[in-house]
>>> print(open('input-v2.txt').read())   # compact mmCIF, C-alpha atoms and all ligand atoms
# COMPACT_ATOMS: atom_id res chain seq x y z
CA MET V 1 28.35 323.25 -197.83
CA LYS V 2 30.29 320.02 -198.49
CA LYS V 3 31.30 317.91 -195.54
CA VAL V 4 34.65 316.13 -195.35
CA VAL V 5 36.00 313.68 -192.80
CA VAL V 6 39.81 313.80 -192.65
CA THR V 7 41.33 310.74 -191.02
CA GLY V 8 44.80 311.58 -189.70
CA GLY V 9 43.80 315.27 -189.63
CA ALA V 10 46.02 315.92 -186.60
CA GLY V 11 49.12 314.81 -188.52
CA PHE V 12 51.45 316.62 -190.91
CA ILE V 13 49.65 316.35 -194.25
CA GLY V 14 46.20 315.94 -192.65
CA SER V 15 46.45 319.20 -190.70
CA ASN V 16 47.45 321.10 -193.86
CA LEU V 17 44.40 319.56 -195.54
CA VAL V 18 42.13 320.56 -192.67
CA GLN V 19 43.26 324.21 -192.95
CA ALA V 20 42.74 324.22 -196.71
CA TYR V 21 39.30 322.59 -196.57
CA LYS V 22 38.28 325.09 -193.91
CA SER V 23 39.38 328.06 -195.95
CA HIS V 24 37.59 326.65 -199.01
CA GLY V 25 34.30 326.57 -197.08
CA PHE V 26 34.05 322.84 -196.34
CA GLU V 27 32.63 321.57 -193.09
CA VAL V 28 35.55 319.58 -191.68
CA ILE V 29 35.56 316.68 -189.21
CA VAL V 30 38.77 315.05 -187.99
CA VAL V 31 39.19 311.45 -186.85
CA ASP V 32 42.60 310.73 -185.35
CA ASN V 33 43.91 308.69 -182.43
CA LEU V 34 46.82 311.11 -181.84
CA THR V 35 49.57 308.47 -182.03
CA THR V 36 51.80 310.86 -184.00
CA GLY V 37 49.26 313.64 -184.58
CA LYS V 38 48.93 316.57 -182.21
CA LEU V 39 45.79 318.07 -180.73
CA GLU V 40 47.19 321.57 -181.27
CA ASN V 41 47.14 320.88 -185.04
CA ILE V 42 43.34 320.81 -185.02
CA PRO V 43 41.63 324.21 -185.09
CA ASN V 44 39.26 324.78 -182.12
CA ASP V 45 36.16 325.12 -184.27
CA ILE V 46 36.65 321.73 -185.95
CA LYS V 47 34.70 318.71 -184.76
CA PHE V 48 37.19 316.12 -183.56
CA TYR V 49 36.73 312.44 -182.78
CA GLU V 50 39.71 310.97 -180.95
CA MET V 51 39.40 307.46 -182.32
CA ASP V 52 41.30 304.64 -183.95
CA ILE V 53 40.24 304.09 -187.57
CA ARG V 54 39.97 300.36 -186.79
CA ASN V 55 37.25 300.99 -184.20
CA PRO V 56 33.83 299.67 -185.37
CA GLN V 57 32.39 302.94 -184.02
CA PHE V 58 34.15 304.71 -186.90
CA ILE V 59 31.40 303.34 -189.14
CA GLU V 60 28.74 304.76 -186.81
CA ILE V 61 30.41 308.18 -187.02
CA ILE V 62 30.31 308.09 -190.81
CA LEU V 63 26.66 307.00 -190.81
CA LYS V 64 25.84 309.81 -188.39
CA GLU V 65 27.89 312.57 -190.04
CA GLN V 66 27.09 311.57 -193.64
CA PRO V 67 30.12 313.25 -195.24
CA ASP V 68 30.50 313.90 -198.97
CA ILE V 69 34.17 312.99 -198.82
CA ILE V 70 36.35 310.77 -196.66
CA ASN V 71 39.93 311.90 -197.02
CA HIS V 72 41.92 309.02 -195.59
CA HIS V 73 45.37 310.05 -194.38
CA ALA V 74 45.57 308.21 -191.04
CA ALA V 75 48.35 305.62 -191.14
CA GLN V 76 51.35 304.12 -189.44
CA ILE V 77 54.10 305.85 -191.50
CA ASP V 78 57.33 304.65 -189.89
CA VAL V 79 59.23 302.23 -192.17
CA GLN V 80 61.48 300.91 -189.37
CA PHE V 81 58.45 300.37 -187.10
CA SER V 82 56.81 298.37 -189.89
CA ILE V 83 59.87 296.12 -190.16
CA GLN V 84 59.88 295.48 -186.42
CA ASN V 85 56.09 295.30 -186.02
CA PRO V 86 54.61 293.98 -189.26
CA ILE V 87 51.37 292.84 -187.61
CA GLU V 88 50.58 296.20 -186.02
CA ASP V 89 51.62 298.04 -189.19
CA ALA V 90 49.30 295.88 -191.32
CA SER V 91 46.53 296.15 -188.76
CA ILE V 92 46.52 299.98 -188.90
CA ASN V 93 47.22 300.46 -192.59
CA ILE V 94 45.35 297.53 -194.12
CA LEU V 95 42.58 296.63 -191.66
CA GLY V 96 42.13 300.31 -190.75
CA THR V 97 41.56 301.17 -194.42
CA ILE V 98 39.16 298.25 -194.83
CA ASN V 99 37.15 299.65 -191.91
CA VAL V 100 37.06 303.01 -193.73
CA LEU V 101 35.90 301.20 -196.88
CA GLU V 102 33.26 299.33 -194.94
CA SER V 103 31.89 302.67 -193.72
CA LEU V 104 31.76 303.84 -197.35
CA ARG V 105 29.87 300.70 -198.35
CA GLN V 106 27.31 301.25 -195.61
CA ILE V 107 26.81 304.96 -196.25
CA LYS V 108 26.39 304.24 -199.98
CA GLU V 109 22.71 303.35 -199.34
CA ILE V 110 22.19 306.93 -198.13
CA LYS V 111 24.64 308.97 -200.17
CA ASN V 112 27.51 308.87 -202.62
CA CYS V 113 30.63 309.51 -200.57
CA ASN V 114 33.95 310.05 -202.33
CA LEU V 115 37.22 308.51 -201.00
CA ILE V 116 40.70 309.97 -201.26
CA TYR V 117 43.47 307.59 -200.21
CA ALA V 118 47.04 308.69 -199.47
CA SER V 119 49.29 305.98 -200.87
CA SER V 120 53.04 306.19 -201.26
CA ALA V 121 55.99 305.91 -203.63
CA ALA V 122 57.06 303.14 -201.22
CA ALA V 123 54.59 300.95 -203.16
CA TYR V 124 57.10 300.85 -206.07
CA GLY V 125 60.17 299.72 -204.11
CA ASN V 126 63.54 300.06 -205.84
CA PRO V 127 62.91 301.67 -209.22
CA SER V 128 63.83 299.58 -212.25
CA TYR V 129 63.73 302.77 -214.34
CA LEU V 130 63.45 306.54 -213.76
CA GLY V 131 61.15 308.53 -213.60
CA VAL V 132 58.83 306.07 -212.12
CA ASP V 133 55.39 306.19 -213.70
CA GLU V 134 52.21 304.40 -212.64
CA LYS V 135 52.95 301.48 -215.00
CA HIS V 136 56.11 300.70 -213.03
CA SER V 137 55.93 297.37 -211.18
CA THR V 138 55.05 297.47 -207.49
CA ASN V 139 57.70 295.63 -205.46
CA PRO V 140 57.74 297.20 -202.01
CA ILE V 141 60.90 296.58 -199.98
CA SER V 142 59.33 297.25 -196.57
CA PHE V 143 56.16 296.14 -194.80
CA TYR V 144 55.13 299.80 -194.81
CA GLY V 145 55.32 299.85 -198.63
CA SER V 146 53.29 296.69 -198.72
CA SER V 147 50.68 297.90 -196.22
CA LYS V 148 50.19 301.12 -198.21
CA LEU V 149 49.88 299.21 -201.50
CA SER V 150 47.50 296.49 -200.35
CA PRO V 151 44.60 298.89 -199.58
CA GLU V 152 44.82 300.18 -203.15
CA MET V 153 43.55 296.76 -204.28
CA TYR V 154 40.77 296.75 -201.69
CA ILE V 155 39.70 300.20 -202.84
CA LYS V 156 39.48 299.07 -206.45
CA ILE V 157 37.43 296.02 -205.50
CA PHE V 158 35.08 298.10 -203.30
CA HIS V 159 34.73 300.46 -206.25
CA ASP V 160 33.94 297.61 -208.66
CA LEU V 161 31.43 296.02 -206.27
CA TYR V 162 29.75 299.11 -204.81
CA ALA V 163 30.59 301.96 -207.22
CA ILE V 164 32.40 303.95 -204.53
CA PRO V 165 34.13 306.94 -206.16
CA TYR V 166 37.82 307.18 -205.30
CA SER V 167 41.20 308.77 -205.98
CA ILE V 168 44.43 307.03 -205.01
CA PHE V 169 47.49 309.27 -204.76
CA ARG V 170 51.00 307.90 -204.55
CA TYR V 171 52.93 310.71 -202.92
CA ALA V 172 56.65 311.30 -203.45
CA ASN V 173 58.65 312.80 -200.53
CA VAL V 174 56.34 315.36 -198.99
CA TYR V 175 57.79 318.25 -196.95
CA GLY V 176 56.52 321.46 -195.41
CA ILE V 177 55.06 323.05 -192.33
CA GLY V 178 53.93 320.66 -189.60
CA GLN V 179 56.27 317.77 -190.39
CA ASP V 180 57.83 316.19 -187.34
CA PRO V 181 61.67 316.08 -187.48
CA LYS V 182 61.76 313.53 -184.67
CA GLY V 183 61.80 309.83 -185.42
CA GLU V 184 61.16 309.08 -189.07
CA GLY V 185 60.55 312.67 -190.19
CA GLY V 186 61.55 313.32 -193.79
CA VAL V 187 65.08 314.55 -194.50
CA ILE V 188 63.83 318.12 -195.14
CA SER V 189 62.11 318.39 -191.75
CA ILE V 190 65.37 317.26 -190.12
CA LEU V 191 67.42 319.70 -192.21
CA VAL V 192 65.06 322.60 -191.37
CA ASP V 193 65.25 321.69 -187.68
CA ARG V 194 69.08 321.77 -187.81
CA ILE V 195 69.02 325.11 -189.67
CA VAL V 196 66.62 326.73 -187.20
CA ASN V 197 68.58 325.38 -184.21
CA ASN V 198 71.96 326.05 -185.82
CA SER V 199 73.20 322.50 -185.34
CA LEU V 200 75.09 319.92 -187.37
CA PHE V 201 73.23 318.10 -190.16
CA THR V 202 74.02 314.40 -190.59
CA LEU V 203 73.97 313.24 -194.19
CA TYR V 204 73.75 309.48 -194.69
CA GLY V 205 75.52 308.28 -197.84
CA ASP V 206 77.46 310.29 -200.42
CA GLY V 207 74.84 313.01 -200.90
CA GLU V 208 74.33 312.05 -204.55
CA GLN V 209 71.18 310.01 -203.86
CA THR V 210 68.09 311.59 -205.41
CA ARG V 211 64.61 312.23 -204.08
CA ASP V 212 61.47 313.83 -205.45
CA PHE V 213 60.60 316.53 -202.92
CA ILE V 214 57.07 317.89 -203.15
CA PHE V 215 55.76 320.79 -201.08
CA VAL V 216 52.72 319.99 -198.95
CA GLN V 217 50.68 322.82 -200.53
CA ASP V 218 50.95 321.04 -203.88
CA ILE V 219 49.63 317.89 -202.18
CA VAL V 220 46.77 319.94 -200.73
CA ASN V 221 45.88 321.33 -204.16
CA ALA V 222 45.63 317.85 -205.68
CA ASN V 223 43.36 316.78 -202.79
CA LEU V 224 41.09 319.78 -203.25
CA ILE V 225 40.61 318.94 -206.93
CA ALA V 226 39.95 315.24 -206.22
CA SER V 227 37.42 316.24 -203.54
CA GLU V 228 35.25 317.68 -206.32
CA HIS V 229 36.28 315.33 -209.14
CA PRO V 230 37.21 311.78 -208.13
CA ILE V 231 39.42 310.15 -210.75
CA ASN V 232 38.56 306.50 -209.99
CA ASP V 233 42.20 305.78 -210.71
CA THR V 234 45.70 305.87 -209.22
CA CYS V 235 48.31 308.53 -209.90
CA ASN V 236 51.60 309.86 -208.60
CA ILE V 237 51.61 313.24 -206.92
CA SER V 238 55.17 314.34 -207.45
CA THR V 239 57.38 316.91 -209.17
CA ASN V 240 59.11 314.73 -211.80
CA ILE V 241 62.38 316.36 -210.64
CA PRO V 242 65.27 314.36 -209.16
CA THR V 243 67.04 316.36 -206.44
CA THR V 244 70.26 315.11 -204.89
CA LEU V 245 70.79 315.75 -201.19
CA HIS V 246 73.72 317.96 -202.18
CA ASP V 247 71.32 319.98 -204.41
CA LEU V 248 68.92 320.22 -201.47
CA ILE V 249 71.65 321.61 -199.22
CA ARG V 250 72.73 324.11 -201.90
CA VAL V 251 69.14 325.37 -202.26
CA ALA V 252 68.77 325.60 -198.47
CA GLU V 253 72.07 327.54 -198.23
CA ASP V 254 70.75 329.87 -200.89
CA VAL V 255 67.57 330.45 -198.84
CA ILE V 256 69.37 331.12 -195.54
CA GLU V 257 72.38 332.83 -197.14
CA ARG V 258 74.92 330.92 -195.10
CA LYS V 259 76.74 327.57 -195.12
CA ILE V 260 75.22 324.48 -193.50
CA GLU V 261 77.56 322.34 -191.44
CA ILE V 262 77.42 318.71 -192.52
CA GLU V 263 78.78 315.45 -191.19
CA TYR V 264 78.73 312.35 -193.37
CA GLU V 265 77.66 308.92 -192.11
CA GLU V 266 77.46 305.53 -193.80
CA GLU V 267 74.52 305.01 -196.14
CA ARG V 268 71.65 303.34 -194.23
CA PRO V 269 70.57 299.87 -195.36
CA GLY V 270 67.17 299.88 -197.05
CA ASP V 271 67.49 303.48 -198.31
CA ILE V 272 66.59 303.79 -201.99
CA LYS V 273 69.45 305.39 -203.94
CA TYR V 274 67.72 307.11 -206.85
CA SER V 275 64.09 308.01 -207.12
CA TYR V 276 61.75 310.43 -208.77
CA LEU V 277 58.22 310.00 -210.02
CA THR V 278 56.59 311.33 -213.17
CA CYS V 279 53.43 313.38 -212.70
CA GLN V 280 51.98 313.46 -216.24
CA LYS V 281 49.05 311.23 -215.28
CA ALA V 282 48.00 313.59 -212.45
CA GLU V 283 48.34 316.49 -214.86
CA SER V 284 45.97 314.93 -217.35
CA LEU V 285 43.47 313.43 -214.86
CA LEU V 286 43.30 316.36 -212.44
CA SER V 287 44.56 319.30 -214.50
CA TRP V 288 47.01 319.67 -211.65
CA LYS V 289 50.67 320.64 -211.69
CA PRO V 290 53.14 321.16 -208.86
CA LYS V 291 53.41 324.94 -208.46
CA TYR V 292 56.12 325.36 -205.85
CA THR V 293 59.84 325.20 -206.59
CA LEU V 294 62.06 323.62 -203.95
CA HIS V 295 63.41 327.08 -203.18
CA GLU V 296 59.89 328.48 -202.57
CA GLY V 297 58.74 325.53 -200.48
CA LEU V 298 61.92 325.49 -198.40
CA LYS V 299 61.79 329.23 -197.87
CA ALA V 300 58.18 329.07 -196.65
CA THR V 301 59.03 326.20 -194.29
CA ILE V 302 62.23 327.73 -192.89
CA ASN V 303 60.57 331.16 -192.43
CA HIS V 304 57.66 329.55 -190.57
CA TYR V 305 59.94 327.80 -188.04
CA ASN V 306 62.29 330.77 -187.70
CA SER V 307 59.36 333.07 -186.86
CA ARG V 308 58.00 330.57 -184.33
CA LYS V 309 61.37 330.44 -182.60
CA LYS V 310 61.40 334.21 -182.05
N1 LIG D 1 54.94 312.40 -195.45
C1 LIG D 1 55.24 311.82 -196.61
O1 LIG D 1 56.26 312.11 -197.24
C2 LIG D 1 54.30 310.78 -197.19
C3 LIG D 1 54.67 310.16 -198.40
C4 LIG D 1 53.82 309.21 -198.94
C5 LIG D 1 52.61 308.91 -198.31
N2 LIG D 1 52.28 309.51 -197.15
C6 LIG D 1 51.01 309.15 -196.51
O2 LIG D 1 50.31 310.32 -196.14
C7 LIG D 1 49.56 310.08 -194.95
C8 LIG D 1 49.87 311.13 -193.90
O3 LIG D 1 51.25 311.07 -193.58
P1 LIG D 1 51.96 312.17 -192.65
O4 LIG D 1 53.34 312.34 -193.17
O5 LIG D 1 51.08 313.33 -192.50
O6 LIG D 1 52.07 311.35 -191.29
P2 LIG D 1 51.64 311.72 -189.79
O7 LIG D 1 52.19 310.65 -188.91
O8 LIG D 1 52.01 313.14 -189.49
O9 LIG D 1 50.07 311.61 -189.85
C9 LIG D 1 49.37 310.40 -189.68
C10 LIG D 1 48.20 310.69 -188.75
O10 LIG D 1 47.43 309.48 -188.59
C11 LIG D 1 47.13 309.31 -187.21
N3 LIG D 1 46.95 307.89 -186.96
C12 LIG D 1 47.89 306.92 -186.99
N4 LIG D 1 47.35 305.72 -186.74
C13 LIG D 1 46.01 305.94 -186.54
C14 LIG D 1 44.91 305.09 -186.23
N5 LIG D 1 45.08 303.78 -186.07
N6 LIG D 1 43.69 305.65 -186.09
C15 LIG D 1 43.51 307.00 -186.23
N7 LIG D 1 44.53 307.84 -186.53
C16 LIG D 1 45.75 307.32 -186.68
C17 LIG D 1 48.31 309.92 -186.46
O11 LIG D 1 47.99 310.26 -185.13
C18 LIG D 1 48.62 311.12 -187.33
O12 LIG D 1 47.89 312.27 -186.95
C19 LIG D 1 49.89 308.65 -194.52
O13 LIG D 1 48.86 307.82 -194.98
C20 LIG D 1 51.19 308.35 -195.23
O14 LIG D 1 51.33 306.97 -195.49
C21 LIG D 1 53.10 310.44 -196.55
>>> encode(input="input-v2.txt", output="structure tokens")
Amino acid sequence: MKKVVVTGGAGFIGSNLVQAYKSHGFEVIVVDNLTTGKLENIPNDIKFYEMDIRNPQFIEIILKEQPDIINHHAAQIDVQFSIQNPIEDASINILGTINVLESLRQIKEIKNCNLIYASSAAAYGNPSYLGVDEKHSTNPISFYGSSKLSPEMYIKIFHDLYAIPYSIFRYANVYGIGQDPKGEGGVISILVDRIVNNSLFTLYGDGEQTRDFIFVQDIVNANLIASEHPINDTCNISTNIPTTLHDLIRVAEDVIERKIEIEYEEERPGDIKYSYLTCQKAESLLSWKPKYTLHEGLKATINHYNSRKK
């Protein structure tokens, strides 16, 4: 049985990963400090360390548990927080990841442990062309983008120096079950919340801005493949499909078979206008393709929250 440590396993993507690893027969261990993650997201039979990834004891846990894979999803993910608190943001995302890498370096003497790192489209900044591929320049426009990009370089250097196997995934806009609509939740989690609670949806901008929405189960599938076959490379995990917010609302209305009430507000400064990422590299490196249409992913998400409300 393969053993995986999921950092951030109490969070949105991490908890979906934990479920999937469990059902694929992995032994799963979660490390999370519960800043945004929730204890209820962790199944009872999963070993859980409530710990900050920057804690030197994290290395002791890895040496003790000897996992085959560290799936590193713990991060500070709030762009506005990063702008107001660049030191704390960098401390969690950069120094935290270096601590994870240090644990991989130390365990290397005992076993070959494979790293998966959740990076972000925020590493690219404002696209200079569409769809954004991995050759696109990296010019983050927030400290968050910068603190997600910087560890990519550390990972490559740790790989070159210590032959640590790795996969770096730059995710597009992930949505699905378990995403928090409060605070900086993605637009879909906010939309789903308004649909389930029958309240007004606020759309910032003219609605013609595009995003690349990828369902969390597609993210999970890419992680499962990389858990067995590290790519030692960086690739986008995306759909290659630009969706305007107006398209998103139309698809959602189609799913719920009624109109969604919208109010328009001024575009927010710092929001990227057009974005979508190609996924050909992931297709060729991982033999992976996004499987879920926006309609299918939205339907699964809305149904989940509607049934919980009953
Ligand atoms: N959600 C997206 O659309 C998206 C897009 C691109 C990249 N990502 C990346 O995917 C990963 C997961 O994001 P998410 O959307 O699930 O966010 P999330 O906030 O739901 O999950 C992050 C988890 O990390 C934990 N955490 C935060 N700081 C920690 C620390 N110092 N020590 C230990 N645990 C800590 C939180 O408690 C939480 O459980 C992040 O690395 C994020 O940068 C997410």
>>> closest_residue(input="input-v2.txt", among="V:His304, V:Arg54, V:His24, V:Lys259", to="ligand LIG 1 (chain D)", atoms="only C-alpha atoms and all ligand atoms")
V:Arg54
>>> closest_residue(input="input-v2.txt", among="V:Met153, V:Leu39, V:Ala122, V:Val192", to="Asn303 of chain V", atoms="all atoms listed in the file")
V:Val192
>>> atom_distance(input="input-v2.txt", atom1="atom CA of Lys281 of chain V", atom2="atom CA of Ile237 of chain V")
9.0 Å
>>> closest_residue(input="input-v2.txt", among="V:Asn41, V:Asn93, V:Asn198, V:Ser137", to="Arg258 of chain V", atoms="all atoms listed in the file")
V:Asn198
>>> closest_residue(input="input-v2.txt", among="V:His159, V:Arg211, V:Lys108, V:Arg308", to="ligand LIG 1 (chain D)", atoms="all atoms listed in the file")
V:Arg211
>>> residues_around(input="input-v2.txt", residues="segment 126-134 of chain V", least_positions_apart="6", cutoff="9 Å", atoms="only C-alpha atoms", output="list in words")
Pro140, Ile141, Arg170, Thr234, Cys235, Asn236, Asn240, Ile241, Pro242, Ile272, Lys273, Tyr274, Ser275, Tyr276, Leu277, Thr278, Cys279, Gln280 and Lys281 of chain V
>>> atom_distance(input="input-v2.txt", atom1="atom CA of Ile249 of chain V", atom2="atom CA of Ile195 of chain V")
10.5 Å
>>> residues_near_ligand(input="input-v2.txt", ligand="ligand LIG 1 (chain D)", cutoff="7 Å", atoms="all atoms listed in the file", output="PyMOL selection string")
chain V and resi 7-14+31-38+51-54+73-77+92+96+118-121+148+170-175+179-180+186
>>> closest_atom_pairs(input="input-v2.txt", of="segment 144-168 of chain V", to="segment 85-90 of chain V", cutoff="10 Å", atoms="all atoms listed in the file", output="Markdown table")
| residue | atom | partner | partner_atom | distance |
| --- | --- | --- | --- | --- |
| V:Tyr144 | CA | V:Asp89 | CA | 6.9 |
| V:Ser146 | CA | V:Ala90 | CA | 8.4 |
| V:Ser147 | CA | V:Ala90 | CA | 5.5 |
| V:Lys148 | CA | V:Ala90 | CA | 8.7 |
| V:Ser150 | CA | V:Ala90 | CA | 9.2 |
| V:Pro151 | CA | V:Ala90 | CA | 10.0 |
>>> atom_distance(input="input-v2.txt", atom1="atom CA of Ile69 of chain V", atom2="atom CA of Cys113 of chain V")
5.3 Å
>>> closest_residue(input="input-v2.txt", among="V:Phe201, V:Tyr292, V:Tyr117, V:Tyr124", to="Asn71 of chain V", atoms="only C-alpha atoms")
V:Tyr117
>>> closest_residue(input="input-v2.txt", among="V:Arg268, V:Lys64, V:His72, V:Lys291", to="Tyr166 of chain V", atoms="all atoms listed in the file")
V:His72
>>> decode(input="input-v2.txt", residues="segment 281-310 of chain V", atoms="N, CA and C atoms", output="CSV table (one decimal), in the first residue's frame")
chain,number,residue,atom,x,y,z
V,281,LYS,N,0.3,20.1,-22.9
V,281,LYS,CA,1.5,19.5,-22.2
V,281,LYS,C,1.1,18.5,-21.2
V,282,ALA,N,0.1,18.8,-20.4
V,282,ALA,CA,-0.4,17.8,-19.4
V,282,ALA,C,-0.9,16.5,-20.2
V,283,GLU,N,-1.6,16.8,-21.3
V,283,GLU,CA,-2.1,15.6,-22.1
V,283,GLU,C,-1.0,14.7,-22.5
V,284,SER,N,0.1,15.3,-23.0
V,284,SER,CA,1.2,14.4,-23.5
V,284,SER,C,2.1,13.9,-22.3
V,285,LEU,N,2.3,14.6,-21.2
V,285,LEU,CA,3.1,14.1,-20.2
V,285,LEU,C,2.4,13.1,-19.3
V,286,LEU,N,1.1,13.3,-19.1
V,286,LEU,CA,0.3,12.5,-18.1
V,286,LEU,C,-0.7,11.6,-18.7
V,287,SER,N,-0.9,11.8,-20.0
V,287,SER,CA,-2.0,11.1,-20.7
V,287,SER,C,-3.3,11.4,-20.0
V,288,TRP,N,-3.5,12.7,-19.7
V,288,TRP,CA,-4.6,13.2,-18.9
V,288,TRP,C,-5.4,14.2,-19.7
V,289,LYS,N,-6.7,14.2,-19.6
V,289,LYS,CA,-7.5,15.2,-20.2
V,289,LYS,C,-8.6,15.6,-19.3
V,290,PRO,N,-9.0,16.8,-19.3
V,290,PRO,CA,-10.2,17.2,-18.5
V,290,PRO,C,-11.4,16.4,-19.0
V,291,LYS,N,-12.2,15.8,-18.1
V,291,LYS,CA,-13.3,15.0,-18.5
V,291,LYS,C,-14.6,15.6,-18.4
V,292,TYR,N,-14.7,16.6,-17.4
V,292,TYR,CA,-16.0,17.1,-17.0
V,292,TYR,C,-16.3,18.4,-17.8
V,293,THR,N,-17.5,18.5,-18.4
V,293,THR,CA,-17.9,19.8,-19.0
V,293,THR,C,-18.3,20.7,-17.8
V,294,LEU,N,-18.4,22.0,-18.1
V,294,LEU,CA,-18.8,23.0,-17.1
V,294,LEU,C,-20.2,22.6,-16.6
V,295,HIS,N,-21.1,22.2,-17.5
V,295,HIS,CA,-22.4,21.8,-17.1
V,295,HIS,C,-22.4,20.6,-16.1
V,296,GLU,N,-21.6,19.6,-16.4
V,296,GLU,CA,-21.5,18.5,-15.5
V,296,GLU,C,-21.0,18.8,-14.1
V,297,GLY,N,-19.9,19.6,-14.2
V,297,GLY,CA,-19.2,20.0,-12.9
V,297,GLY,C,-20.1,20.9,-12.1
V,298,LEU,N,-20.8,21.8,-12.7
V,298,LEU,CA,-21.7,22.7,-12.0
V,298,LEU,C,-22.9,21.9,-11.4
V,299,LYS,N,-23.4,21.0,-12.2
V,299,LYS,CA,-24.6,20.2,-11.8
V,299,LYS,C,-24.2,19.4,-10.6
V,300,ALA,N,-23.1,18.8,-10.6
V,300,ALA,CA,-22.6,18.0,-9.4
V,300,ALA,C,-22.5,18.9,-8.2
V,301,THR,N,-21.9,20.1,-8.4
V,301,THR,CA,-21.7,21.0,-7.3
V,301,THR,C,-23.0,21.5,-6.7
V,302,ILE,N,-23.9,22.0,-7.6
V,302,ILE,CA,-25.2,22.5,-7.2
V,302,ILE,C,-26.0,21.4,-6.5
V,303,ASN,N,-26.1,20.2,-7.1
V,303,ASN,CA,-26.8,19.1,-6.5
V,303,ASN,C,-26.3,18.8,-5.1
V,304,HIS,N,-25.0,18.8,-4.9
V,304,HIS,CA,-24.4,18.5,-3.6
V,304,HIS,C,-24.9,19.5,-2.5
V,305,TYR,N,-24.9,20.8,-2.9
V,305,TYR,CA,-25.2,21.8,-1.8
V,305,TYR,C,-26.7,21.8,-1.6
V,306,ASN,N,-27.5,21.6,-2.7
V,306,ASN,CA,-29.0,21.6,-2.6
V,306,ASN,C,-29.4,20.4,-1.7
V,307,SER,N,-28.7,19.3,-1.8
V,307,SER,CA,-29.1,18.1,-1.0
V,307,SER,C,-28.7,18.3,0.4
V,308,ARG,N,-27.6,19.0,0.6
V,308,ARG,CA,-27.2,19.3,2.0
V,308,ARG,C,-28.1,20.2,2.7
V,309,LYS,N,-28.7,21.1,1.9
V,309,LYS,CA,-29.6,22.1,2.5
V,309,LYS,C,-30.9,21.5,3.0
V,310,LYS,N,-31.3,20.4,2.4
V,310,LYS,CA,-32.6,19.8,2.7
V,310,LYS,C,-32.6,19.1,4.1
